[in-house]
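Report on the structure given below.
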Amino acid sequence: MGQSVALKAYQELAEFRYRIVSYLKRADQGARAAGLEPQQYLLLLALRGLPAGSEPSIRVLAERLQVRHHSAVGLIDRLERRGLVRRERAKSDRRHVLVRLTARGNAVLAKVAKERISDLRTMAPALVRALSAIVAIANGESRRGGKRRRA
């Protein structure tokens, strides 16, 4: 039979989840205050924050958002109608459609991202403490950093 989960592990997992949800709720509120739906903000962020060498295709953006291709298309359609993104054909293969931020999209994203970074400055210490506690439990250590005895 497997080991049971200690009460402390449940408490730390709950605390970590609470901290993440609190941050995400503030992020959603910030996106809405800027006139964006949360998923629209996430698409703009994913687009601007793509890893170097990643192509800003609909497929890549859908993967980064963990949504289906058609859901990403719908988000892009709405953002394009608002002038926040534009589609263009890839120069290397005209069949591929790439998504680009417009100057307006970049400005809206910068405003929301700046607020999210400010939130993180405030919320990060508690988030880091909660994550560190979970990692310590996962590694078999107590909160004080010492190794737990194994029976």
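Chain lettering (A, B, ...) mirrors the order of the structure tokens, residue numbering begins at 1 for each chain separately, and ligand numbering begins at 1 in order of display.
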- Name all residues at most 8 Å from range 48-58 of chain A (count only C-alpha atoms; drop same-chain ones fewer than 5 positions away) and give them as a list in words. His69, Ala72, Val73, His96, Val97, Leu98, Val99, Arg100 and Leu101 of chain A
Alpha helix (DSSP H) per DSSP on the backbone: members of range 18-145 of chain A, as a PDB file with N, CA and C atoms, in the first residue's frame:
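After the write, selection-v7.pdb holds the following:
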ATOM      1  N   TYR A  18      -3.764  28.571  -3.324  1.00  0.00           N
ATOM      2  CA  TYR A  18      -4.403  29.833  -2.949  1.00  0.00           C
ATOM      3  C   TYR A  18      -3.598  31.014  -3.483  1.00  0.00           C
ATOM      4  N   ARG A  19      -2.279  30.971  -3.310  1.00  0.00           N
ATOM      5  CA  ARG A  19      -1.421  32.071  -3.768  1.00  0.00           C
ATOM      6  C   ARG A  19      -1.461  32.220  -5.285  1.00  0.00           C
ATOM      7  N   ILE A  20      -1.428  31.102  -6.000  1.00  0.00           N
ATOM      8  CA  ILE A  20      -1.479  31.154  -7.467  1.00  0.00           C
ATOM      9  C   ILE A  20      -2.821  31.709  -7.935  1.00  0.00           C
ATOM     10  N   VAL A  21      -3.911  31.190  -7.362  1.00  0.00           N
ATOM     11  CA  VAL A  21      -5.240  31.641  -7.768  1.00  0.00           C
ATOM     12  C   VAL A  21      -5.423  33.122  -7.462  1.00  0.00           C
ATOM     13  N   SER A  22      -4.900  33.579  -6.330  1.00  0.00           N
ATOM     14  CA  SER A  22      -4.990  35.003  -5.994  1.00  0.00           C
ATOM     15  C   SER A  22      -4.294  35.849  -7.045  1.00  0.00           C
ATOM     16  N   TYR A  23      -3.107  35.435  -7.449  1.00  0.00           N
ATOM     17  CA  TYR A  23      -2.374  36.171  -8.476  1.00  0.00           C
ATOM     18  C   TYR A  23      -3.146  36.157  -9.802  1.00  0.00           C
ATOM     19  N   LEU A  24      -3.629  34.987 -10.203  1.00  0.00           N
ATOM     20  CA  LEU A  24      -4.332  34.881 -11.474  1.00  0.00           C
ATOM     21  C   LEU A  24      -5.635  35.676 -11.475  1.00  0.00           C
ATOM     22  N   LYS A  25      -6.319  35.713 -10.343  1.00  0.00           N
ATOM     23  CA  LYS A  25      -7.551  36.497 -10.264  1.00  0.00           C
ATOM     24  C   LYS A  25      -7.248  37.984 -10.455  1.00  0.00           C
ATOM     25  N   ARG A  26      -6.182  38.459  -9.816  1.00  0.00           N
ATOM     26  CA  ARG A  26      -5.785  39.867  -9.996  1.00  0.00           C
ATOM     27  C   ARG A  26      -5.378  40.124 -11.447  1.00  0.00           C
ATOM     28  N   ALA A  27      -4.722  39.157 -12.059  1.00  0.00           N
ATOM     29  CA  ALA A  27      -4.322  39.301 -13.459  1.00  0.00           C
ATOM     30  C   ALA A  27      -5.555  39.398 -14.358  1.00  0.00           C
ATOM     31  N   ASP A  28      -6.556  38.561 -14.110  1.00  0.00           N
ATOM     32  CA  ASP A  28      -7.794  38.612 -14.889  1.00  0.00           C
ATOM     33  C   ASP A  28      -8.482  39.958 -14.710  1.00  0.00           C
ATOM     34  N   GLN A  29      -8.528  40.443 -13.481  1.00  0.00           N
ATOM     35  CA  GLN A  29      -9.145  41.752 -13.215  1.00  0.00           C
ATOM     36  C   GLN A  29      -8.383  42.870 -13.928  1.00  0.00           C
ATOM     37  N   GLY A  30      -7.070  42.783 -13.927  1.00  0.00           N
ATOM     38  CA  GLY A  30      -6.246  43.778 -14.608  1.00  0.00           C
ATOM     39  C   GLY A  30      -6.464  43.763 -16.110  1.00  0.00           C
ATOM     40  N   ALA A  31      -6.605  42.573 -16.683  1.00  0.00           N
ATOM     41  CA  ALA A  31      -6.870  42.467 -18.117  1.00  0.00           C
ATOM     42  C   ALA A  31      -8.217  43.110 -18.445  1.00  0.00           C
ATOM     43  N   ARG A  32      -9.214  42.784 -17.638  1.00  0.00           N
ATOM     44  CA  ARG A  32     -10.555  43.358 -17.883  1.00  0.00           C
ATOM     45  C   ARG A  32     -10.548  44.881 -17.740  1.00  0.00           C
ATOM     46  N   ALA A  33      -9.808  45.385 -16.765  1.00  0.00           N
ATOM     47  CA  ALA A  33      -9.721  46.842 -16.579  1.00  0.00           C
ATOM     48  C   ALA A  33      -9.097  47.518 -17.799  1.00  0.00           C
ATOM     49  N   PRO A  38      -9.476  37.915 -20.192  1.00  0.00           N
ATOM     50  CA  PRO A  38      -8.240  37.276 -19.727  1.00  0.00           C
ATOM     51  C   PRO A  38      -7.535  36.439 -20.797  1.00  0.00           C
ATOM     52  N   GLN A  39      -8.286  35.677 -21.597  1.00  0.00           N
ATOM     53  CA  GLN A  39      -7.661  34.847 -22.631  1.00  0.00           C
ATOM     54  C   GLN A  39      -7.019  35.710 -23.717  1.00  0.00           C
ATOM     55  N   GLN A  40      -7.599  36.876 -23.982  1.00  0.00           N
ATOM     56  CA  GLN A  40      -7.004  37.778 -24.961  1.00  0.00           C
ATOM     57  C   GLN A  40      -5.664  38.299 -24.450  1.00  0.00           C
ATOM     58  N   TYR A  41      -5.628  38.666 -23.178  1.00  0.00           N
ATOM     59  CA  TYR A  41      -4.363  39.109 -22.578  1.00  0.00           C
ATOM     60  C   TYR A  41      -3.328  37.987 -22.660  1.00  0.00           C
ATOM     61  N   LEU A  42      -3.748  36.771 -22.342  1.00  0.00           N
ATOM     62  CA  LEU A  42      -2.809  35.648 -22.368  1.00  0.00           C
ATOM     63  C   LEU A  42      -2.271  35.406 -23.771  1.00  0.00           C
ATOM     64  N   LEU A  43      -3.106  35.587 -24.785  1.00  0.00           N
ATOM     65  CA  LEU A  43      -2.620  35.414 -26.153  1.00  0.00           C
ATOM     66  C   LEU A  43      -1.612  36.500 -26.502  1.00  0.00           C
ATOM     67  N   LEU A  44      -1.913  37.744 -26.146  1.00  0.00           N
ATOM     68  CA  LEU A  44      -0.954  38.823 -26.398  1.00  0.00           C
ATOM     69  C   LEU A  44       0.368  38.557 -25.679  1.00  0.00           C
ATOM     70  N   LEU A  45       0.271  38.118 -24.443  1.00  0.00           N
ATOM     71  CA  LEU A  45       1.469  37.803 -23.657  1.00  0.00           C
ATOM     72  C   LEU A  45       2.244  36.648 -24.283  1.00  0.00           C
ATOM     73  N   ALA A  46       1.541  35.593 -24.679  1.00  0.00           N
ATOM     74  CA  ALA A  46       2.205  34.451 -25.318  1.00  0.00           C
ATOM     75  C   ALA A  46       2.898  34.883 -26.603  1.00  0.00           C
ATOM     76  N   LEU A  47       2.236  35.735 -27.363  1.00  0.00           N
ATOM     77  CA  LEU A  47       2.803  36.216 -28.622  1.00  0.00           C
ATOM     78  C   LEU A  47       4.074  37.025 -28.377  1.00  0.00           C
ATOM     79  N   ARG A  48       4.012  37.960 -27.456  1.00  0.00           N
ATOM     80  CA  ARG A  48       5.174  38.820 -27.165  1.00  0.00           C
ATOM     81  C   ARG A  48       6.290  38.051 -26.465  1.00  0.00           C
ATOM     82  N   ILE A  58      -0.397  30.232 -35.506  1.00  0.00           N
ATOM     83  CA  ILE A  58      -1.590  29.933 -34.717  1.00  0.00           C
ATOM     84  C   ILE A  58      -1.387  28.624 -33.953  1.00  0.00           C
ATOM     85  N   ARG A  59      -0.767  27.648 -34.593  1.00  0.00           N
ATOM     86  CA  ARG A  59      -0.519  26.358 -33.934  1.00  0.00           C
ATOM     87  C   ARG A  59       0.348  26.543 -32.692  1.00  0.00           C
ATOM     88  N   VAL A  60       1.412  27.316 -32.809  1.00  0.00           N
ATOM     89  CA  VAL A  60       2.313  27.557 -31.672  1.00  0.00           C
ATOM     90  C   VAL A  60       1.582  28.310 -30.565  1.00  0.00           C
ATOM     91  N   LEU A  61       0.812  29.322 -30.936  1.00  0.00           N
ATOM     92  CA  LEU A  61       0.077  30.091 -29.928  1.00  0.00           C
ATOM     93  C   LEU A  61      -0.966  29.224 -29.226  1.00  0.00           C
ATOM     94  N   ALA A  62      -1.646  28.378 -29.978  1.00  0.00           N
ATOM     95  CA  ALA A  62      -2.627  27.464 -29.372  1.00  0.00           C
ATOM     96  C   ALA A  62      -1.934  26.550 -28.367  1.00  0.00           C
ATOM     97  N   GLU A  63      -0.774  26.059 -28.725  1.00  0.00           N
ATOM     98  CA  GLU A  63      -0.015  25.196 -27.811  1.00  0.00           C
ATOM     99  C   GLU A  63       0.397  25.965 -26.557  1.00  0.00           C
ATOM    100  N   ARG A  64       0.894  27.177 -26.734  1.00  0.00           N
ATOM    101  CA  ARG A  64       1.341  27.973 -25.582  1.00  0.00           C
ATOM    102  C   ARG A  64       0.181  28.292 -24.638  1.00  0.00           C
ATOM    103  N   LEU A  65      -1.028  28.463 -25.201  1.00  0.00           N
ATOM    104  CA  LEU A  65      -2.205  28.758 -24.378  1.00  0.00           C
ATOM    105  C   LEU A  65      -2.898  27.487 -23.886  1.00  0.00           C
ATOM    106  N   HIS A  69      -6.804  24.639 -31.652  1.00  0.00           N
ATOM    107  CA  HIS A  69      -6.492  25.539 -32.763  1.00  0.00           C
ATOM    108  C   HIS A  69      -7.639  26.496 -33.048  1.00  0.00           C
ATOM    109  N   HIS A  70      -8.865  25.982 -33.135  1.00  0.00           N
ATOM    110  CA  HIS A  70     -10.005  26.849 -33.476  1.00  0.00           C
ATOM    111  C   HIS A  70     -10.286  27.880 -32.381  1.00  0.00           C
ATOM    112  N   SER A  71      -9.966  27.562 -31.134  1.00  0.00           N
ATOM    113  CA  SER A  71     -10.135  28.539 -30.057  1.00  0.00           C
ATOM    114  C   SER A  71      -9.129  29.675 -30.208  1.00  0.00           C
ATOM    115  N   ALA A  72      -7.897  29.323 -30.573  1.00  0.00           N
ATOM    116  CA  ALA A  72      -6.874  30.344 -30.811  1.00  0.00           C
ATOM    117  C   ALA A  72      -7.273  31.224 -31.998  1.00  0.00           C
ATOM    118  N   VAL A  73      -7.835  30.614 -33.035  1.00  0.00           N
ATOM    119  CA  VAL A  73      -8.285  31.384 -34.203  1.00  0.00           C
ATOM    120  C   VAL A  73      -9.344  32.397 -33.776  1.00  0.00           C
ATOM    121  N   GLY A  74     -10.296  31.976 -32.941  1.00  0.00           N
ATOM    122  CA  GLY A  74     -11.335  32.889 -32.468  1.00  0.00           C
ATOM    123  C   GLY A  74     -10.764  34.056 -31.678  1.00  0.00           C
ATOM    124  N   LEU A  75      -9.802  33.771 -30.812  1.00  0.00           N
ATOM    125  CA  LEU A  75      -9.146  34.838 -30.040  1.00  0.00           C
ATOM    126  C   LEU A  75      -8.422  35.809 -30.974  1.00  0.00           C
ATOM    127  N   ILE A  76      -7.716  35.262 -31.929  1.00  0.00           N
ATOM    128  CA  ILE A  76      -6.971  36.097 -32.874  1.00  0.00           C
ATOM    129  C   ILE A  76      -7.929  36.936 -33.707  1.00  0.00           C
ATOM    130  N   ASP A  77      -9.046  36.333 -34.125  1.00  0.00           N
ATOM    131  CA  ASP A  77     -10.055  37.090 -34.891  1.00  0.00           C
ATOM    132  C   ASP A  77     -10.512  38.318 -34.095  1.00  0.00           C
ATOM    133  N   ARG A  78     -10.856  38.108 -32.821  1.00  0.00           N
ATOM    134  CA  ARG A  78     -11.354  39.213 -31.999  1.00  0.00           C
ATOM    135  C   ARG A  78     -10.275  40.272 -31.773  1.00  0.00           C
ATOM    136  N   LEU A  79      -9.043  39.832 -31.535  1.00  0.00           N
ATOM    137  CA  LEU A  79      -7.946  40.783 -31.328  1.00  0.00           C
ATOM    138  C   LEU A  79      -7.613  41.535 -32.617  1.00  0.00           C
ATOM    139  N   GLU A  80      -7.730  40.855 -33.736  1.00  0.00           N
ATOM    140  CA  GLU A  80      -7.459  41.508 -35.023  1.00  0.00           C
ATOM    141  C   GLU A  80      -8.527  42.567 -35.319  1.00  0.00           C
ATOM    142  N   ARG A  81      -9.791  42.266 -35.028  1.00  0.00           N
ATOM    143  CA  ARG A  81     -10.859  43.258 -35.236  1.00  0.00           C
ATOM    144  C   ARG A  81     -10.632  44.506 -34.385  1.00  0.00           C
ATOM    145  N   ALA A 103       1.261  48.012 -32.950  1.00  0.00           N
ATOM    146  CA  ALA A 103       1.742  48.994 -31.969  1.00  0.00           C
ATOM    147  C   ALA A 103       0.704  49.163 -30.857  1.00  0.00           C
ATOM    148  N   ARG A 104      -0.558  49.204 -31.239  1.00  0.00           N
ATOM    149  CA  ARG A 104      -1.626  49.340 -30.244  1.00  0.00           C
ATOM    150  C   ARG A 104      -1.664  48.121 -29.321  1.00  0.00           C
ATOM    151  N   GLY A 105      -1.539  46.932 -29.885  1.00  0.00           N
ATOM    152  CA  GLY A 105      -1.529  45.708 -29.081  1.00  0.00           C
ATOM    153  C   GLY A 105      -0.361  45.681 -28.125  1.00  0.00           C
ATOM    154  N   ASN A 106       0.782  46.121 -28.609  1.00  0.00           N
ATOM    155  CA  ASN A 106       1.978  46.186 -27.768  1.00  0.00           C
ATOM    156  C   ASN A 106       1.778  47.153 -26.605  1.00  0.00           C
ATOM    157  N   ALA A 107       1.136  48.283 -26.862  1.00  0.00           N
ATOM    158  CA  ALA A 107       0.909  49.283 -25.811  1.00  0.00           C
ATOM    159  C   ALA A 107      -0.050  48.758 -24.741  1.00  0.00           C
ATOM    160  N   VAL A 108      -1.133  48.109 -25.174  1.00  0.00           N
ATOM    161  CA  VAL A 108      -2.098  47.549 -24.210  1.00  0.00           C
ATOM    162  C   VAL A 108      -1.428  46.451 -23.382  1.00  0.00           C
ATOM    163  N   LEU A 109      -0.693  45.586 -24.051  1.00  0.00           N
ATOM    164  CA  LEU A 109       0.007  44.504 -23.350  1.00  0.00           C
ATOM    165  C   LEU A 109       1.006  45.061 -22.346  1.00  0.00           C
ATOM    166  N   ALA A 110       1.764  46.065 -22.736  1.00  0.00           N
ATOM    167  CA  ALA A 110       2.772  46.646 -21.836  1.00  0.00           C
ATOM    168  C   ALA A 110       2.127  47.191 -20.569  1.00  0.00           C
ATOM    169  N   LYS A 111       0.985  47.840 -20.720  1.00  0.00           N
ATOM    170  CA  LYS A 111       0.278  48.398 -19.562  1.00  0.00           C
ATOM    171  C   LYS A 111      -0.145  47.292 -18.592  1.00  0.00           C
ATOM    172  N   VAL A 112      -0.751  46.250 -19.121  1.00  0.00           N
ATOM    173  CA  VAL A 112      -1.218  45.157 -18.262  1.00  0.00           C
ATOM    174  C   VAL A 112      -0.029  44.404 -17.662  1.00  0.00           C
ATOM    175  N   ALA A 113       0.987  44.140 -18.469  1.00  0.00           N
ATOM    176  CA  ALA A 113       2.154  43.402 -17.984  1.00  0.00           C
ATOM    177  C   ALA A 113       2.866  44.167 -16.873  1.00  0.00           C
ATOM    178  N   LYS A 114       2.957  45.475 -17.008  1.00  0.00           N
ATOM    179  CA  LYS A 114       3.600  46.294 -15.975  1.00  0.00           C
ATOM    180  C   LYS A 114       2.867  46.135 -14.640  1.00  0.00           C
ATOM    181  N   GLU A 115       1.545  46.111 -14.688  1.00  0.00           N
ATOM    182  CA  GLU A 115       0.748  45.918 -13.469  1.00  0.00           C
ATOM    183  C   GLU A 115       0.946  44.513 -12.904  1.00  0.00           C
ATOM    184  N   ARG A 116       1.047  43.505 -13.773  1.00  0.00           N
ATOM    185  CA  ARG A 116       1.248  42.135 -13.302  1.00  0.00           C
ATOM    186  C   ARG A 116       2.617  41.989 -12.630  1.00  0.00           C
ATOM    187  N   ILE A 117       3.614  42.640 -13.180  1.00  0.00           N
ATOM    188  CA  ILE A 117       4.948  42.597 -12.577  1.00  0.00           C
ATOM    189  C   ILE A 117       4.926  43.274 -11.217  1.00  0.00           C
ATOM    190  N   SER A 118       4.207  44.370 -11.116  1.00  0.00           N
ATOM    191  CA  SER A 118       4.063  45.054  -9.833  1.00  0.00           C
ATOM    192  C   SER A 118       3.373  44.140  -8.812  1.00  0.00           C
ATOM    193  N   ASP A 119       2.325  43.455  -9.248  1.00  0.00           N
ATOM    194  CA  ASP A 119       1.645  42.490  -8.370  1.00  0.00           C
ATOM    195  C   ASP A 119       2.609  41.408  -7.897  1.00  0.00           C
ATOM    196  N   LEU A 120       3.426  40.929  -8.814  1.00  0.00           N
ATOM    197  CA  LEU A 120       4.381  39.869  -8.449  1.00  0.00           C
ATOM    198  C   LEU A 120       5.395  40.348  -7.415  1.00  0.00           C
ATOM    199  N   ARG A 121       5.801  41.584  -7.519  1.00  0.00           N
ATOM    200  CA  ARG A 121       6.727  42.110  -6.510  1.00  0.00           C
ATOM    201  C   ARG A 121       6.123  41.992  -5.116  1.00  0.00           C
ATOM    202  N   THR A 122       4.828  42.248  -5.032  1.00  0.00           N
ATOM    203  CA  THR A 122       4.131  42.171  -3.747  1.00  0.00           C
ATOM    204  C   THR A 122       3.848  40.733  -3.342  1.00  0.00           C
ATOM    205  N   MET A 123       3.408  39.929  -4.292  1.00  0.00           N
ATOM    206  CA  MET A 123       2.927  38.589  -3.982  1.00  0.00           C
ATOM    207  C   MET A 123       4.020  37.511  -4.017  1.00  0.00           C
ATOM    208  N   ALA A 124       5.137  37.787  -4.659  1.00  0.00           N
ATOM    209  CA  ALA A 124       6.171  36.775  -4.865  1.00  0.00           C
ATOM    210  C   ALA A 124       6.716  36.154  -3.579  1.00  0.00           C
ATOM    211  N   PRO A 125       6.995  36.920  -2.538  1.00  0.00           N
ATOM    212  CA  PRO A 125       7.562  36.279  -1.347  1.00  0.00           C
ATOM    213  C   PRO A 125       6.670  35.167  -0.781  1.00  0.00           C
ATOM    214  N   ALA A 126       5.372  35.405  -0.718  1.00  0.00           N
ATOM    215  CA  ALA A 126       4.463  34.379  -0.201  1.00  0.00           C
ATOM    216  C   ALA A 126       4.370  33.197  -1.161  1.00  0.00           C
ATOM    217  N   LEU A 127       4.389  33.475  -2.467  1.00  0.00           N
ATOM    218  CA  LEU A 127       4.353  32.405  -3.463  1.00  0.00           C
ATOM    219  C   LEU A 127       5.610  31.542  -3.374  1.00  0.00           C
ATOM    220  N   VAL A 128       6.744  32.187  -3.251  1.00  0.00           N
ATOM    221  CA  VAL A 128       8.012  31.459  -3.159  1.00  0.00           C
ATOM    222  C   VAL A 128       8.061  30.615  -1.880  1.00  0.00           C
ATOM    223  N   ARG A 129       7.605  31.186  -0.760  1.00  0.00           N
ATOM    224  CA  ARG A 129       7.568  30.415   0.495  1.00  0.00           C
ATOM    225  C   ARG A 129       6.690  29.177   0.348  1.00  0.00           C
ATOM    226  N   ALA A 130       5.515  29.352  -0.263  1.00  0.00           N
ATOM    227  CA  ALA A 130       4.598  28.230  -0.427  1.00  0.00           C
ATOM    228  C   ALA A 130       5.198  27.169  -1.346  1.00  0.00           C
ATOM    229  N   LEU A 131       5.790  27.588  -2.454  1.00  0.00           N
ATOM    230  CA  LEU A 131       6.410  26.631  -3.369  1.00  0.00           C
ATOM    231  C   LEU A 131       7.598  25.937  -2.712  1.00  0.00           C
ATOM    232  N   SER A 132       8.406  26.674  -1.989  1.00  0.00           N
ATOM    233  CA  SER A 132       9.567  26.085  -1.312  1.00  0.00           C
ATOM    234  C   SER A 132       9.135  25.031  -0.293  1.00  0.00           C
ATOM    235  N   ALA A 133       8.038  25.297   0.394  1.00  0.00           N
ATOM    236  CA  ALA A 133       7.535  24.329   1.382  1.00  0.00           C
ATOM    237  C   ALA A 133       7.100  23.043   0.699  1.00  0.00           C
ATOM    238  N   ILE A 134       6.451  23.162  -0.444  1.00  0.00           N
ATOM    239  CA  ILE A 134       6.014  21.959  -1.175  1.00  0.00           C
ATOM    240  C   ILE A 134       7.222  21.188  -1.693  1.00  0.00           C
ATOM    241  N   VAL A 135       8.201  21.891  -2.227  1.00  0.00           N
ATOM    242  CA  VAL A 135       9.405  21.229  -2.729  1.00  0.00           C
ATOM    243  C   VAL A 135      10.127  20.519  -1.589  1.00  0.00           C
ATOM    244  N   ALA A 136      10.189  21.160  -0.433  1.00  0.00           N
ATOM    245  CA  ALA A 136      10.839  20.532   0.728  1.00  0.00           C
ATOM    246  C   ALA A 136      10.110  19.250   1.118  1.00  0.00           C
ATOM    247  N   ILE A 137       8.791  19.283   1.105  1.00  0.00           N
ATOM    248  CA  ILE A 137       8.017  18.081   1.431  1.00  0.00           C
ATOM    249  C   ILE A 137       8.251  17.009   0.378  1.00  0.00           C
ATOM    250  N   ALA A 138       8.249  17.407  -0.895  1.00  0.00           N
ATOM    251  CA  ALA A 138       8.469  16.447  -1.978  1.00  0.00           C
ATOM    252  C   ALA A 138       9.858  15.813  -1.886  1.00  0.00           C
TER     253      ALA A 138
END
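In this model, the gap between CA of Val5 in chain A and CA of Gly140 in chain A comes to 11.8 Å.
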- chain A: residues DSSP assigns to strand (DSSP E or B), reported as number ranges by chain: A: 57, 85-89, 97-101, 141, 147
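Across the structure, CA of Thr102 in chain A and CA of Ala34 in chain A are spaced 16.1 Å apart.
Counting from CA of Glu12 in chain A, the distance to CA of Gln66 in chain A is 26.4 Å.
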